[in-house]
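K.L.:
The structure under discussion is supplied below as structure tokens; questions concerning it will follow.
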Amino acid sequence: MAVLPILVAPHPVLKQKAKPVAAVDARVAKLMDDMVETMYAAKGIGLAAPQIGRSERVIVVDVHEKGETPNPIRLANPEIVWSSEEKGICEEGCLSVPEQYAEVTRPLSVRVRYLDEKNEPREIEADGMLATCLQHEIDHLNGVLFVDYLSLLKRNMILRKVQKQQKASA
Ligand code: GNR
Ligand code: NI
């Protein structure tokens with residue numbers, strides 16, 4: 001397994017629509033493993049393949065609490081097949097928009113269809129943080145960042161801060 005560098009906005013790969021995988025073979029399973037390791041190293045609760053420069057429809061999530069057993073979920077070609085009418089507000093952050101946080105409104109519960117690490121079709125129904133995280137990661141596969149839900153003013157403020165921080169640390 002390998003810890004890979006995470007791309008920061010406004011990298012063009014983050015704006016692209018990622019391509020479906022034909023199947024979860026050994027290559028995709030390895031990508032999933034590397035993404036899990038990279039997510040843990042970055043202390044994130046999710047990661048999408050475009051964030052490591054791979055424009056493929058693969059995400060990993062793990063919303064386990066401190067002190068609980070890790071519970072990584074690997075998903076290829078994830079699709080939201082149902083989302084609740086009921087919405088909720090969550091403070092979101094993103095490893096590709098480092099150290100910036102903002103409230104985003106999304107459906108509280110979702111049902112997601114995907115291929116697991118063994119290429120088996122599965123569905124998961126999620127609420128709470130897992131539902132938010134799955135929607136955030138699937139957005140990445142469509143070139144969407146959480147800042148895209150904010151006003152132009154707030155979005156630009158955040159993206160400018162990120163660029164300034166990147167230049168200072170480059
Ligand atoms: O680590 C992460 N935390 C987080 C918090 C609230 C809503 C979504 C997230 S996902 C984020 C990791 C990340 O950037 N995944 O793409
Ligand atoms: Ni993100």
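Residues in the structure tokens are named by chain (A, B, ... in the order shown) and by number from 1 within that chain; ligands are numbered from 1 in the order shown.
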Please give the complete set of residues from segment 42-111 of chain A that DSSP, run on the backbone, assigns to helix (DSSP H, G or I), formatted as a list in words.

P.N.:
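The residues of segment 42-111 of chain A classed as helix (DSSP H, G or I) are Ala49, Pro50, Gln51 and Ile52 of chain A.
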
K.L.:
Selection from above, all heavy atoms, as a PDB file, in the first residue's frame, can you write it?

P.N.:
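Result file is out_29.pdb:
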```pdb
ATOM      1  N   ALA A  49     -10.984   9.190  -5.779  1.00  0.00           N
ATOM      2  CA  ALA A  49      -9.808   8.985  -6.626  1.00  0.00           C
ATOM      3  C   ALA A  49      -9.307  10.267  -7.317  1.00  0.00           C
ATOM      4  O   ALA A  49      -8.093  10.465  -7.404  1.00  0.00           O
ATOM      5  CB  ALA A  49     -10.077   7.877  -7.651  1.00  0.00           C
ATOM      6  N   PRO A  50     -10.201  11.169  -7.775  1.00  0.00           N
ATOM      7  CA  PRO A  50      -9.675  12.399  -8.402  1.00  0.00           C
ATOM      8  C   PRO A  50      -8.771  13.202  -7.462  1.00  0.00           C
ATOM      9  O   PRO A  50      -7.881  13.929  -7.925  1.00  0.00           O
ATOM     10  CB  PRO A  50     -10.950  13.187  -8.754  1.00  0.00           C
ATOM     11  CG  PRO A  50     -12.001  12.135  -8.916  1.00  0.00           C
ATOM     12  CD  PRO A  50     -11.674  11.078  -7.896  1.00  0.00           C
ATOM     13  N   GLN A  51      -8.971  13.059  -6.141  1.00  0.00           N
ATOM     14  CA  GLN A  51      -8.146  13.808  -5.184  1.00  0.00           C
ATOM     15  C   GLN A  51      -6.692  13.344  -5.185  1.00  0.00           C
ATOM     16  O   GLN A  51      -5.819  14.064  -4.703  1.00  0.00           O
ATOM     17  CB  GLN A  51      -8.719  13.681  -3.761  1.00  0.00           C
ATOM     18  CG  GLN A  51     -10.055  14.385  -3.596  1.00  0.00           C
ATOM     19  CD  GLN A  51     -10.566  14.263  -2.180  1.00  0.00           C
ATOM     20  OE1 GLN A  51     -11.168  13.256  -1.821  1.00  0.00           O
ATOM     21  NE2 GLN A  51     -10.332  15.276  -1.361  1.00  0.00           N
ATOM     22  N   ILE A  52      -6.445  12.142  -5.694  1.00  0.00           N
ATOM     23  CA  ILE A  52      -5.056  11.693  -5.842  1.00  0.00           C
ATOM     24  C   ILE A  52      -4.670  11.652  -7.330  1.00  0.00           C
ATOM     25  O   ILE A  52      -3.736  10.965  -7.727  1.00  0.00           O
ATOM     26  CB  ILE A  52      -4.812  10.325  -5.161  1.00  0.00           C
ATOM     27  CG1 ILE A  52      -5.811   9.281  -5.636  1.00  0.00           C
ATOM     28  CG2 ILE A  52      -4.885  10.476  -3.636  1.00  0.00           C
ATOM     29  CD1 ILE A  52      -5.350   7.852  -5.443  1.00  0.00           C
TER      30      ILE A  52
END
```

K.L.:
Within 8 Å of ligand 1, counting only C-alpha atoms and all ligand atoms, which protein or nucleic acid residues do you find, written as a compact mmCIF listing (two decimals) with N, CA and C atoms, in the first residue's frame?

P.N.:
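Saved the output as out19.txt:
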```
# COMPACT_ATOMS: atom_id res chain seq x y z
N MET A 39 -6.17 8.10 2.99
CA MET A 39 -7.23 8.72 3.80
C MET A 39 -6.84 8.70 5.28
N ALA A 42 -4.05 11.11 6.12
CA ALA A 42 -4.47 12.51 6.08
C ALA A 42 -5.53 12.81 7.14
N LYS A 43 -5.92 11.78 7.92
CA LYS A 43 -6.96 11.92 8.95
C LYS A 43 -8.29 12.39 8.36
N GLY A 44 -8.61 11.87 7.18
CA GLY A 44 -9.89 12.19 6.55
C GLY A 44 -10.90 11.09 6.83
N ILE A 45 -12.18 11.38 6.57
CA ILE A 45 -13.23 10.36 6.73
C ILE A 45 -13.69 9.85 5.37
N GLY A 46 -13.07 10.36 4.30
CA GLY A 46 -13.40 9.89 2.96
C GLY A 46 -12.34 10.37 1.99
N LEU A 47 -12.29 9.73 0.82
CA LEU A 47 -11.36 10.17 -0.22
C LEU A 47 -11.91 9.68 -1.56
N ALA A 48 -11.80 10.53 -2.58
CA ALA A 48 -12.23 10.18 -3.93
C ALA A 48 -10.98 10.12 -4.83
N GLN A 51 -8.97 13.06 -6.14
CA GLN A 51 -8.15 13.81 -5.18
C GLN A 51 -6.69 13.34 -5.19
N CYS A 90 -24.64 20.34 7.64
CA CYS A 90 -23.43 19.80 8.26
C CYS A 90 -22.26 20.71 7.93
N GLU A 91 -21.39 20.91 8.90
CA GLU A 91 -20.15 21.65 8.67
C GLU A 91 -19.21 20.73 7.90
N GLU A 92 -18.86 21.11 6.67
CA GLU A 92 -18.00 20.25 5.86
C GLU A 92 -16.61 20.84 5.67
N GLY A 93 -15.68 19.93 5.49
CA GLY A 93 -14.31 20.29 5.13
C GLY A 93 -13.90 19.37 4.01
N CYS A 94 -12.71 19.59 3.44
CA CYS A 94 -12.25 18.75 2.33
C CYS A 94 -10.74 18.77 2.31
N LEU A 95 -10.15 17.59 2.13
CA LEU A 95 -8.69 17.50 2.08
C LEU A 95 -8.12 18.28 0.90
N SER A 96 -8.94 18.53 -0.12
CA SER A 96 -8.49 19.31 -1.28
C SER A 96 -8.77 20.81 -1.13
N VAL A 97 -9.38 21.17 0.00
CA VAL A 97 -9.64 22.59 0.34
C VAL A 97 -9.16 22.75 1.79
N MET A 129 -23.34 11.18 9.53
CA MET A 129 -22.06 11.57 8.91
C MET A 129 -21.75 10.73 7.68
N THR A 132 -23.57 12.13 4.66
CA THR A 132 -22.91 13.36 4.21
C THR A 132 -21.64 13.04 3.46
N CYS A 133 -20.83 12.14 4.04
CA CYS A 133 -19.54 11.80 3.45
C CYS A 133 -19.72 11.14 2.08
N HIS A 136 -20.56 13.79 -0.41
CA HIS A 136 -19.38 14.63 -0.66
C HIS A 136 -18.40 13.91 -1.61
N GLU A 137 -18.19 12.61 -1.38
CA GLU A 137 -17.24 11.85 -2.23
C GLU A 137 -17.80 11.66 -3.64
N HIS A 140 -17.25 14.60 -5.71
CA HIS A 140 -15.89 14.70 -6.27
C HIS A 140 -15.80 13.99 -7.63
```

K.L.:
I need the residues in segment 36-170 of chain A that are strand (DSSP E or B) according to DSSP; give them as a PyMOL selection string.

P.N.:
chain A and resi 46-48+56+58-61+73-83+87-94+97-107+109-115+121-127

K.L.:
Selected residues, C-alpha atoms, written as a PDB file, in the first residue's frame, please.

P.N.:
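In the end it all went to result34.pdb:
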```pdb
ATOM      1  CA  GLY A  46     -13.403   9.889   2.962  1.00  0.00           C
ATOM      2  CA  LEU A  47     -11.360  10.168  -0.216  1.00  0.00           C
ATOM      3  CA  ALA A  48     -12.230  10.175  -3.928  1.00  0.00           C
ATOM      4  CA  GLU A  56     -11.906   7.169 -11.998  1.00  0.00           C
ATOM      5  CA  VAL A  58     -13.709   5.073  -6.958  1.00  0.00           C
ATOM      6  CA  ILE A  59     -14.208   6.338  -3.394  1.00  0.00           C
ATOM      7  CA  VAL A  60     -13.401   5.159   0.120  1.00  0.00           C
ATOM      8  CA  VAL A  61     -15.045   6.231   3.386  1.00  0.00           C
ATOM      9  CA  ILE A  73     -15.767   0.970   2.912  1.00  0.00           C
ATOM     10  CA  ARG A  74     -14.437   0.736  -0.673  1.00  0.00           C
ATOM     11  CA  LEU A  75     -16.865   1.732  -3.454  1.00  0.00           C
ATOM     12  CA  ALA A  76     -16.510   1.681  -7.255  1.00  0.00           C
ATOM     13  CA  ASN A  77     -19.043   3.305  -9.602  1.00  0.00           C
ATOM     14  CA  PRO A  78     -21.177   4.535  -6.668  1.00  0.00           C
ATOM     15  CA  GLU A  79     -24.665   5.814  -7.564  1.00  0.00           C
ATOM     16  CA  ILE A  80     -27.213   7.471  -5.323  1.00  0.00           C
ATOM     17  CA  VAL A  81     -30.400   5.484  -6.041  1.00  0.00           C
ATOM     18  CA  TRP A  82     -32.533   7.210  -3.380  1.00  0.00           C
ATOM     19  CA  SER A  83     -32.195  10.274  -1.177  1.00  0.00           C
ATOM     20  CA  LYS A  87     -32.367  17.768   4.461  1.00  0.00           C
ATOM     21  CA  GLY A  88     -29.835  18.627   7.119  1.00  0.00           C
ATOM     22  CA  ILE A  89     -26.965  21.051   7.597  1.00  0.00           C
ATOM     23  CA  CYS A  90     -23.430  19.800   8.264  1.00  0.00           C
ATOM     24  CA  GLU A  91     -20.153  21.653   8.673  1.00  0.00           C
ATOM     25  CA  GLU A  92     -18.000  20.252   5.856  1.00  0.00           C
ATOM     26  CA  GLY A  93     -14.313  20.289   5.129  1.00  0.00           C
ATOM     27  CA  CYS A  94     -12.252  18.750   2.331  1.00  0.00           C
ATOM     28  CA  VAL A  97      -9.635  22.587   0.341  1.00  0.00           C
ATOM     29  CA  PRO A  98      -7.364  22.377   3.395  1.00  0.00           C
ATOM     30  CA  GLU A  99      -8.347  23.982   6.695  1.00  0.00           C
ATOM     31  CA  GLN A 100     -11.547  25.588   5.371  1.00  0.00           C
ATOM     32  CA  TYR A 101     -15.000  24.703   6.659  1.00  0.00           C
ATOM     33  CA  ALA A 102     -18.527  25.740   5.759  1.00  0.00           C
ATOM     34  CA  GLU A 103     -22.106  24.600   6.333  1.00  0.00           C
ATOM     35  CA  VAL A 104     -23.658  22.627   3.482  1.00  0.00           C
ATOM     36  CA  THR A 105     -27.299  21.470   3.221  1.00  0.00           C
ATOM     37  CA  ARG A 106     -27.874  17.957   1.849  1.00  0.00           C
ATOM     38  CA  PRO A 107     -30.382  15.072   2.094  1.00  0.00           C
ATOM     39  CA  SER A 109     -30.283   9.856   4.244  1.00  0.00           C
ATOM     40  CA  VAL A 110     -29.197   8.208   0.997  1.00  0.00           C
ATOM     41  CA  ARG A 111     -29.155   4.767  -0.573  1.00  0.00           C
ATOM     42  CA  VAL A 112     -26.032   4.084  -2.688  1.00  0.00           C
ATOM     43  CA  ARG A 113     -25.477   1.255  -5.171  1.00  0.00           C
ATOM     44  CA  TYR A 114     -21.836   0.304  -5.918  1.00  0.00           C
ATOM     45  CA  LEU A 115     -19.322  -2.440  -6.643  1.00  0.00           C
ATOM     46  CA  PRO A 121     -22.774  -5.315  -6.487  1.00  0.00           C
ATOM     47  CA  ARG A 122     -23.985  -3.942  -3.158  1.00  0.00           C
ATOM     48  CA  GLU A 123     -26.241  -1.281  -1.684  1.00  0.00           C
ATOM     49  CA  ILE A 124     -25.777   0.684   1.487  1.00  0.00           C
ATOM     50  CA  GLU A 125     -28.329   2.893   3.225  1.00  0.00           C
ATOM     51  CA  ALA A 126     -26.741   5.654   5.255  1.00  0.00           C
ATOM     52  CA  ASP A 127     -27.698   8.566   7.451  1.00  0.00           C
TER      53      ASP A 127
END
```

K.L.:
Find the residue from A:Val147, A:Gln16, A:Gln166, A:Ile158 that sits nearest to ligand 2; use only C-alpha atoms and all ligand atoms when measuring.

P.N.:
A:Val147

K.L.:
When you draw a straight line from atom CA of Glu65 of chain A to atom CA of Val3 of chain A, how long is it in Å?

P.N.:
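Atom CA of Glu65 of chain A sits 21.7 Å away from atom CA of Val3 of chain A.
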
K.L.:
Of the candidates A:Leu152, A:Ala168, A:Leu130, A:Leu7, which one gets nearest to ligand 2 if we count only C-alpha atoms and all ligand atoms?

P.N.:
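Once distances to ligand 2 are computed over only C-alpha atoms and all ligand atoms, the minimum belongs to A:Leu7.
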
K.L.:
To one decimal in Å, tell me the separation between atom CA of Lys118 of chain A and atom CA of Asp139 of chain A.

P.N.:
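Going from atom CA of Lys118 of chain A over to atom CA of Asp139 of chain A, I get 23.6 Å.
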
K.L.:
Quick one: everything within 9 Å of Leu14 of chain A, counting only C-alpha atoms, minus sequence neighbours fewer than 3 positions away in the same chain. Send it as a PyMOL selection string.

P.N.:
chain A and resi 7-11+17+50-51+53+55+96+140-145

K.L.:
Have a look at A:Val28, A:Ser151, A:Leu134, A:Ser169 and name the one nearest to ligand 2; count only C-alpha atoms and all ligand atoms.

P.N.:
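Answer, going by the shortest atom-to-atom distance: A:Leu134.
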
K.L.:
Counting only C-alpha atoms and all ligand atoms, which residue out of A:Gln165, A:Asp148, A:Pro20, A:Asp34 sits closest to ligand 2?

P.N.:
A:Asp148

K.L.:
Using only C-alpha atoms, which residue out of A:Arg160, A:Val36, A:Asn119, A:Lys167 lies closest to Asn71 of chain A?

P.N.:
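Comparing A:Arg160, A:Val36, A:Asn119, A:Lys167 against Asn71 of chain A, the winner is A:Val36.
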